[in-house]
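Asker: Here you go, this is coords-v8.csv (CSV, C-alpha atoms and all ligand atoms).
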```
chain,number,residue,atom,x,y,z
N,222,MET,CA,180.6,-1.7,-104.6
N,223,SER,CA,181.5,-1.4,-100.9
N,224,LYS,CA,178.8,-0.6,-98.5
N,225,ILE,CA,179.0,2.8,-96.8
N,226,ILE,CA,179.7,2.5,-93.1
N,227,PRO,CA,179.3,5.1,-90.4
N,228,ASN,CA,182.4,7.2,-89.4
N,229,ASP,CA,182.3,5.8,-85.9
N,230,VAL,CA,182.7,2.2,-86.9
N,231,LYS,CA,185.2,0.2,-84.9
N,232,TRP,CA,188.2,-1.5,-86.6
N,233,ARG,CA,187.0,-5.0,-85.7
N,234,ASP,CA,183.9,-4.3,-87.8
N,235,ILE,CA,185.7,-3.6,-91.1
N,236,SER,CA,186.8,-6.0,-93.8
N,237,PRO,CA,190.0,-8.0,-92.9
N,238,GLY,CA,193.1,-7.5,-95.2
N,239,GLY,CA,196.5,-8.9,-95.5
N,240,ILE,CA,195.4,-12.5,-95.3
N,241,ILE,CA,197.4,-14.4,-97.9
N,242,THR,CA,196.2,-17.9,-98.6
N,243,ASP,CA,196.7,-18.1,-102.4
N,244,ALA,CA,198.4,-16.0,-105.0
N,245,GLY,CA,196.2,-13.1,-105.9
N,246,ASN,CA,193.6,-13.7,-103.2
N,247,SER,CA,193.7,-10.1,-101.9
N,248,ALA,CA,191.2,-9.2,-104.6
N,249,GLU,CA,188.6,-11.3,-102.7
N,250,PHE,CA,188.8,-8.9,-99.7
N,251,LYS,CA,186.7,-5.8,-100.3
N,252,THR,CA,188.9,-3.4,-98.3
N,253,GLY,CA,187.4,-0.3,-99.7
N,254,ASP,CA,185.4,0.1,-96.5
N,255,TRP,CA,188.6,1.3,-94.8
N,256,ARG,CA,188.2,4.5,-96.7
N,257,SER,CA,187.3,7.8,-95.0
N,258,GLU,CA,187.5,9.8,-98.2
N,259,ARG,CA,186.7,8.8,-101.8
N,260,PRO,CA,188.2,10.0,-105.0
N,261,VAL,CA,185.7,11.2,-107.6
N,262,TRP,CA,186.6,11.1,-111.3
N,263,LEU,CA,185.7,14.3,-113.2
N,264,THR,CA,185.3,12.9,-116.7
N,265,ASP,CA,184.9,16.4,-118.3
N,266,LYS,CA,188.4,17.3,-117.1
N,267,CYS,CA,190.1,14.0,-117.7
N,268,LYS,CA,192.5,13.9,-120.7
N,269,GLN,CA,193.2,10.2,-120.5
N,270,CYS,CA,196.9,10.8,-119.9
N,271,LEU,CA,196.9,7.7,-117.5
N,272,LEU,CA,199.4,9.3,-115.1
N,273,CYS,CA,197.2,8.4,-112.2
N,274,TYR,CA,197.1,4.7,-113.1
N,275,PRO,CA,200.6,3.5,-112.1
N,276,THR,CA,200.6,5.6,-108.9
N,277,CYS,CA,197.7,3.8,-107.3
N,278,PRO,CA,199.0,1.5,-104.6
N,279,ASP,CA,195.8,-0.6,-104.7
N,280,THR,CA,195.4,-1.0,-108.5
N,281,SER,CA,192.0,0.7,-108.1
N,282,ILE,CA,192.1,2.8,-111.3
N,283,VAL,CA,190.4,0.7,-113.9
N,284,ILE,CA,191.7,0.6,-117.5
N,285,ASP,CA,189.5,-0.9,-120.2
N,286,GLU,CA,190.6,-3.2,-123.1
N,287,GLU,CA,191.1,-0.1,-125.3
N,288,GLY,CA,193.5,1.4,-122.8
N,289,LYS,CA,191.1,4.1,-121.6
N,290,ARG,CA,190.7,5.0,-118.0
N,291,GLN,CA,187.4,4.1,-116.4
N,292,ASP,CA,185.9,4.8,-113.0
N,293,PHE,CA,187.5,3.7,-109.7
N,294,ASP,CA,187.3,0.3,-108.2
N,295,TYR,CA,185.7,1.4,-105.0
N,296,ASP,CA,185.7,-2.2,-103.6
N,297,HIS,CA,189.5,-1.8,-103.1
N,298,CYS,CA,190.4,1.9,-103.2
N,299,LYS,CA,191.6,3.1,-99.8
N,300,GLY,CA,191.1,6.8,-100.4
N,301,CYS,CA,194.8,7.7,-100.0
N,302,GLY,CA,194.5,10.6,-102.5
N,303,VAL,CA,197.7,9.9,-104.4
N,304,CYS,CA,195.8,9.8,-107.7
N,305,LYS,CA,194.5,13.3,-107.0
N,306,GLN,CA,198.0,14.6,-106.2
N,307,VAL,CA,199.4,13.4,-109.5
N,308,CYS,CA,196.6,14.3,-111.9
N,309,PRO,CA,197.8,17.4,-113.8
N,310,PHE,CA,194.4,18.3,-115.0
N,311,GLY,CA,192.4,18.5,-111.7
N,312,ALA,CA,190.2,15.6,-112.9
N,313,ILE,CA,190.1,13.9,-109.5
N,314,GLU,CA,188.5,15.3,-106.3
N,315,MET,CA,188.5,13.8,-102.8
N,316,LYS,CA,185.1,13.8,-101.0
N,317,PRO,CA,184.3,12.7,-97.5
N,318,GLU,CA,183.0,9.1,-97.5
N,319,GLY,CA,179.4,8.6,-96.6
N,320,GLY,CA,178.6,12.3,-96.8
N,321,ASN,CA,175.8,13.9,-98.8
N,322,ASN,CA,177.9,14.9,-101.8
H,1,LIG,S1,192.6,7.3,-103.7
H,1,LIG,FE1,194.5,6.0,-103.5
H,1,LIG,S2,193.8,3.9,-103.5
H,1,LIG,FE2,192.1,5.2,-104.3
H,1,LIG,S3,192.3,5.2,-106.5
H,1,LIG,FE3,193.4,7.0,-105.7
H,1,LIG,S4,195.5,6.3,-105.5
H,1,LIG,FE4,194.3,4.4,-105.6
H,2,LIG,S1,195.9,11.7,-114.3
H,2,LIG,FE1,193.9,12.8,-114.4
H,2,LIG,S2,193.7,13.4,-116.6
H,2,LIG,FE2,195.2,11.7,-116.5
H,2,LIG,S3,194.0,9.9,-116.8
H,2,LIG,FE3,194.1,10.2,-114.6
H,2,LIG,S4,192.3,11.4,-114.1
H,2,LIG,FE4,192.5,11.5,-116.3
```
What would you get if you wrote out this structure as structure tokens?

Answerer:
Amino acid sequence: MSKIIPNDVKWRDISPGGIITDAGNSAEFKTGDWRSERPVWLTDKCKQCLLCYPTCPDTSIVIDEEGKRQDFDYDHCKGCGVCKQVCPFGAIEMKPEGGNN
């Protein structure tokens, strides 16, 4: 999981991204520390409809071998909030990163 960094961190201090040396190497860069908000999965509201899964631009919604949605991949989620927007059941909330919540 990504470390939590202070909100006043400078851009030079965060993980690099967009460095392509080999096919698929972007997974090696833990770019989740770019995030200022994090999605929180509310399992009691989730209906496993999987509408959120294809909308994530960072492939950060994990699906298990049985086709069930699991928790977010916080190493790579950028906190864009698209998944929250598309969830028809209110099963995703956005929370400030690094806060006490
Ligand atoms: S907040 Fe954005 S990057 Fe993170 S899981 Fe949702 S859609 Fe993907
Ligand atoms: S869109 Fe919402 S209800 Fe559907 S799988 Fe994703 S979190 Fe669960």

Asker: Go through N:Val283, N:His297, N:Ile313, N:Trp262 one by one, measure the shortest atom-to-atom distance of each to N:Pro237 using only C-alpha atoms, and give the residue with the smallest value.

Answerer: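 Using only C-alpha atoms, N:Pro237 sits closest to N:His297.
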
Asker: For stretch 269-278 of chain N, work out the shell of residues within 8 Å, counting only C-alpha atoms and skipping chain neighbours fewer than 5 positions away, then give it as a PDB file with C-alpha atoms, in the coordinates of the input.

Answerer:
```
ATOM      1  CA  VAL N 283     190.400   0.700-113.900  1.00  0.00           C
ATOM      2  CA  LYS N 289     191.100   4.100-121.600  1.00  0.00           C
ATOM      3  CA  ARG N 290     190.700   5.000-118.000  1.00  0.00           C
ATOM      4  CA  VAL N 303     197.700   9.900-104.400  1.00  0.00           C
ATOM      5  CA  CYS N 304     195.800   9.800-107.700  1.00  0.00           C
ATOM      6  CA  LYS N 305     194.500  13.300-107.000  1.00  0.00           C
ATOM      7  CA  VAL N 307     199.400  13.400-109.500  1.00  0.00           C
ATOM      8  CA  CYS N 308     196.600  14.300-111.900  1.00  0.00           C
TER       9      CYS N 308
END
```

Asker: Of the residues N:Lys251, N:Lys266, N:Lys231, N:Arg256, which is the one nearest to ligand LIG 2 (chain H), using all atoms listed in the file?

Answerer: N:Lys266

Asker: Between atom CA of N:Phe310 and atom FE1 of ligand LIG 2 (chain H), measure the distance and give it in Å to one decimal.

Answerer: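 Rounded to one decimal, the two atoms are 5.6 Å apart.
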
Asker: State, in Å with one decimal place, the distance from atom CA of N:Pro260 to atom FE3 of ligand LIG 1 (chain H).

Answerer: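 Atom FE3 of ligand LIG 1 (chain H) lies 6.0 Å from atom CA of N:Pro260.
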
Asker: With distances taken over only C-alpha atoms, which of N:Cys301, N:Pro309, N:Gln291, N:Thr280 is nearest to N:Ser247?

Answerer: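 Nearest to N:Ser247: N:Thr280.
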
Asker: Measuring between all atoms listed in the file, which one of N:Thr264, N:Asn228, N:Ser236, N:Gln306 shows the shortest distance to N:Glu249?

Answerer: N:Ser236

Asker: Determine the nearest neighbour of ligand LIG 1 (chain H) from the options N:Thr242, N:Arg233, N:Ser257, N:Cys298, counting all atoms listed in the file.

Answerer: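 Using all atoms listed in the file, the shortest distance to ligand LIG 1 (chain H) belongs to N:Cys298.
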
Asker: Using only C-alpha atoms and all ligand atoms, find the one residue out of N:Lys316, N:Ile282, N:Lys268, N:Gly288 that sits nearest to ligand LIG 2 (chain H).

Answerer: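 Checking each candidate against ligand LIG 2 (chain H), we get N:Lys268 as the closest.
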
Asker: Might you pull out every residue within 9 Å of N:Ile235, with all atoms listed in the file counted and same-chain residues fewer than 4 positions away left off, and present them as a ChimeraX atom specification?

Answerer: /N:226,230-231,252,254-255

Asker: Find the axis-aligned box for stretch 244-249 of chain N, covering all its listed atoms and adding 4 Å on each side, and write its centre and edge lengths in Å to one decimal as lines of an AutoDock Vina configuration file.

Answerer:
```
center_x = 193.5
center_y = -12.6
center_z = -103.9
size_x = 17.8
size_y = 14.8
size_z = 12.0
```

Asker: Could you rebuild stretch 226-237 of chain N with all heavy atoms and give it back as an mmCIF file, keeping the file's coordinate frame?

Answerer:
```
data_model
loop_
_atom_site.group_PDB
_atom_site.id
_atom_site.type_symbol
_atom_site.label_atom_id
_atom_site.label_comp_id
_atom_site.auth_asym_id
_atom_site.auth_seq_id
_atom_site.Cartn_x
_atom_site.Cartn_y
_atom_site.Cartn_z
ATOM 1 N N ILE N 226 179.769 2.787 -94.560
ATOM 2 C CA ILE N 226 179.700 2.500 -93.100
ATOM 3 C C ILE N 226 179.798 3.831 -92.369
ATOM 4 O O ILE N 226 180.382 4.786 -92.854
ATOM 5 C CB ILE N 226 180.762 1.535 -92.687
ATOM 6 C CG1 ILE N 226 182.148 2.020 -93.089
ATOM 7 C CG2 ILE N 226 180.492 0.153 -93.235
ATOM 8 C CD1 ILE N 226 183.276 1.157 -92.595
ATOM 9 N N PRO N 227 179.265 3.893 -91.151
ATOM 10 C CA PRO N 227 179.300 5.100 -90.400
ATOM 11 C C PRO N 227 180.769 5.455 -89.985
ATOM 12 O O PRO N 227 181.611 4.572 -89.875
ATOM 13 C CB PRO N 227 178.490 4.820 -89.130
ATOM 14 C CG PRO N 227 177.938 3.466 -89.304
ATOM 15 C CD PRO N 227 178.531 2.839 -90.512
ATOM 16 N N ASN N 228 181.054 6.738 -89.780
ATOM 17 C CA ASN N 228 182.400 7.200 -89.400
ATOM 18 C C ASN N 228 182.862 6.643 -88.085
ATOM 19 O O ASN N 228 184.054 6.573 -87.816
ATOM 20 C CB ASN N 228 182.491 8.699 -89.454
ATOM 21 C CG ASN N 228 182.466 9.239 -90.875
ATOM 22 O OD1 ASN N 228 182.817 8.541 -91.816
ATOM 23 N ND2 ASN N 228 182.039 10.474 -91.017
ATOM 24 N N ASP N 229 181.927 6.284 -87.195
ATOM 25 C CA ASP N 229 182.300 5.800 -85.900
ATOM 26 C C ASP N 229 182.482 4.307 -85.786
ATOM 27 O O ASP N 229 182.537 3.737 -84.705
ATOM 28 C CB ASP N 229 181.345 6.326 -84.805
ATOM 29 C CG ASP N 229 179.934 5.795 -85.059
ATOM 30 O OD1 ASP N 229 179.698 5.207 -86.137
ATOM 31 O OD2 ASP N 229 179.072 5.985 -84.181
ATOM 32 N N VAL N 230 182.575 3.643 -86.943
ATOM 33 C CA VAL N 230 182.700 2.200 -86.900
ATOM 34 C C VAL N 230 184.048 1.790 -86.281
ATOM 35 O O VAL N 230 185.042 2.493 -86.390
ATOM 36 C CB VAL N 230 182.640 1.639 -88.392
ATOM 37 C CG1 VAL N 230 183.855 2.058 -89.195
ATOM 38 C CG2 VAL N 230 182.505 0.137 -88.388
ATOM 39 N N LYS N 231 184.038 0.677 -85.567
ATOM 40 C CA LYS N 231 185.200 0.200 -84.900
ATOM 41 C C LYS N 231 186.046 -0.687 -85.865
ATOM 42 O O LYS N 231 185.496 -1.302 -86.772
ATOM 43 C CB LYS N 231 184.860 -0.622 -83.660
ATOM 44 C CG LYS N 231 184.028 0.169 -82.650
ATOM 45 C CD LYS N 231 184.830 1.318 -82.064
ATOM 46 C CE LYS N 231 184.086 2.050 -80.956
ATOM 47 N NZ LYS N 231 183.000 2.896 -81.437
ATOM 48 N N TRP N 232 187.351 -0.774 -85.625
ATOM 49 C CA TRP N 232 188.200 -1.500 -86.600
ATOM 50 C C TRP N 232 187.860 -2.963 -86.663
ATOM 51 O O TRP N 232 188.050 -3.588 -87.704
ATOM 52 C CB TRP N 232 189.695 -1.311 -86.191
ATOM 53 C CG TRP N 232 190.127 -1.961 -84.902
ATOM 54 C CD1 TRP N 232 190.157 -1.382 -83.679
ATOM 55 C CD2 TRP N 232 190.597 -3.304 -84.721
ATOM 56 N NE1 TRP N 232 190.606 -2.268 -82.745
ATOM 57 C CE2 TRP N 232 190.892 -3.461 -83.352
ATOM 58 C CE3 TRP N 232 190.790 -4.387 -85.571
ATOM 59 C CZ2 TRP N 232 191.370 -4.654 -82.828
ATOM 60 C CZ3 TRP N 232 191.259 -5.572 -85.053
ATOM 61 C CH2 TRP N 232 191.550 -5.702 -83.694
ATOM 62 N N ARG N 233 187.311 -3.542 -85.616
ATOM 63 C CA ARG N 233 187.000 -5.000 -85.700
ATOM 64 C C ARG N 233 185.777 -5.214 -86.632
ATOM 65 O O ARG N 233 185.539 -6.342 -87.033
ATOM 66 C CB ARG N 233 186.591 -5.482 -84.289
ATOM 67 C CG ARG N 233 187.788 -5.665 -83.372
ATOM 68 C CD ARG N 233 187.390 -6.369 -82.084
ATOM 69 N NE ARG N 233 188.530 -6.640 -81.233
ATOM 70 C CZ ARG N 233 189.025 -5.788 -80.348
ATOM 71 N NH1 ARG N 233 188.471 -4.597 -80.204
ATOM 72 N NH2 ARG N 233 190.073 -6.108 -79.619
ATOM 73 N N ASP N 234 185.056 -4.157 -86.983
ATOM 74 C CA ASP N 234 183.900 -4.300 -87.800
ATOM 75 C C ASP N 234 184.157 -4.199 -89.313
ATOM 76 O O ASP N 234 183.280 -4.467 -90.131
ATOM 77 C CB ASP N 234 182.817 -3.266 -87.440
ATOM 78 C CG ASP N 234 182.379 -3.412 -85.993
ATOM 79 O OD1 ASP N 234 182.360 -4.558 -85.501
ATOM 80 O OD2 ASP N 234 182.089 -2.380 -85.365
ATOM 81 N N ILE N 235 185.376 -3.769 -89.679
ATOM 82 C CA ILE N 235 185.700 -3.600 -91.100
ATOM 83 C C ILE N 235 186.264 -4.836 -91.704
ATOM 84 O O ILE N 235 186.643 -5.765 -90.993
ATOM 85 C CB ILE N 235 186.569 -2.356 -91.337
ATOM 86 C CG1 ILE N 235 187.953 -2.561 -90.712
ATOM 87 C CG2 ILE N 235 185.922 -1.098 -90.800
ATOM 88 C CD1 ILE N 235 188.913 -1.422 -91.020
ATOM 89 N N SER N 236 186.344 -4.855 -93.049
ATOM 90 C CA SER N 236 186.800 -6.000 -93.800
ATOM 91 C C SER N 236 188.288 -6.335 -93.363
ATOM 92 O O SER N 236 189.088 -5.425 -93.224
ATOM 93 C CB SER N 236 186.806 -5.803 -95.266
ATOM 94 O OG SER N 236 185.511 -5.563 -95.688
ATOM 95 N N PRO N 237 188.635 -7.610 -93.208
ATOM 96 C CA PRO N 237 190.000 -8.000 -92.900
ATOM 97 C C PRO N 237 190.875 -7.762 -94.205
ATOM 98 O O PRO N 237 190.371 -7.798 -95.316
ATOM 99 C CB PRO N 237 189.955 -9.450 -92.574
ATOM 100 C CG PRO N 237 188.743 -9.945 -93.275
ATOM 101 C CD PRO N 237 187.780 -8.787 -93.296
#
```
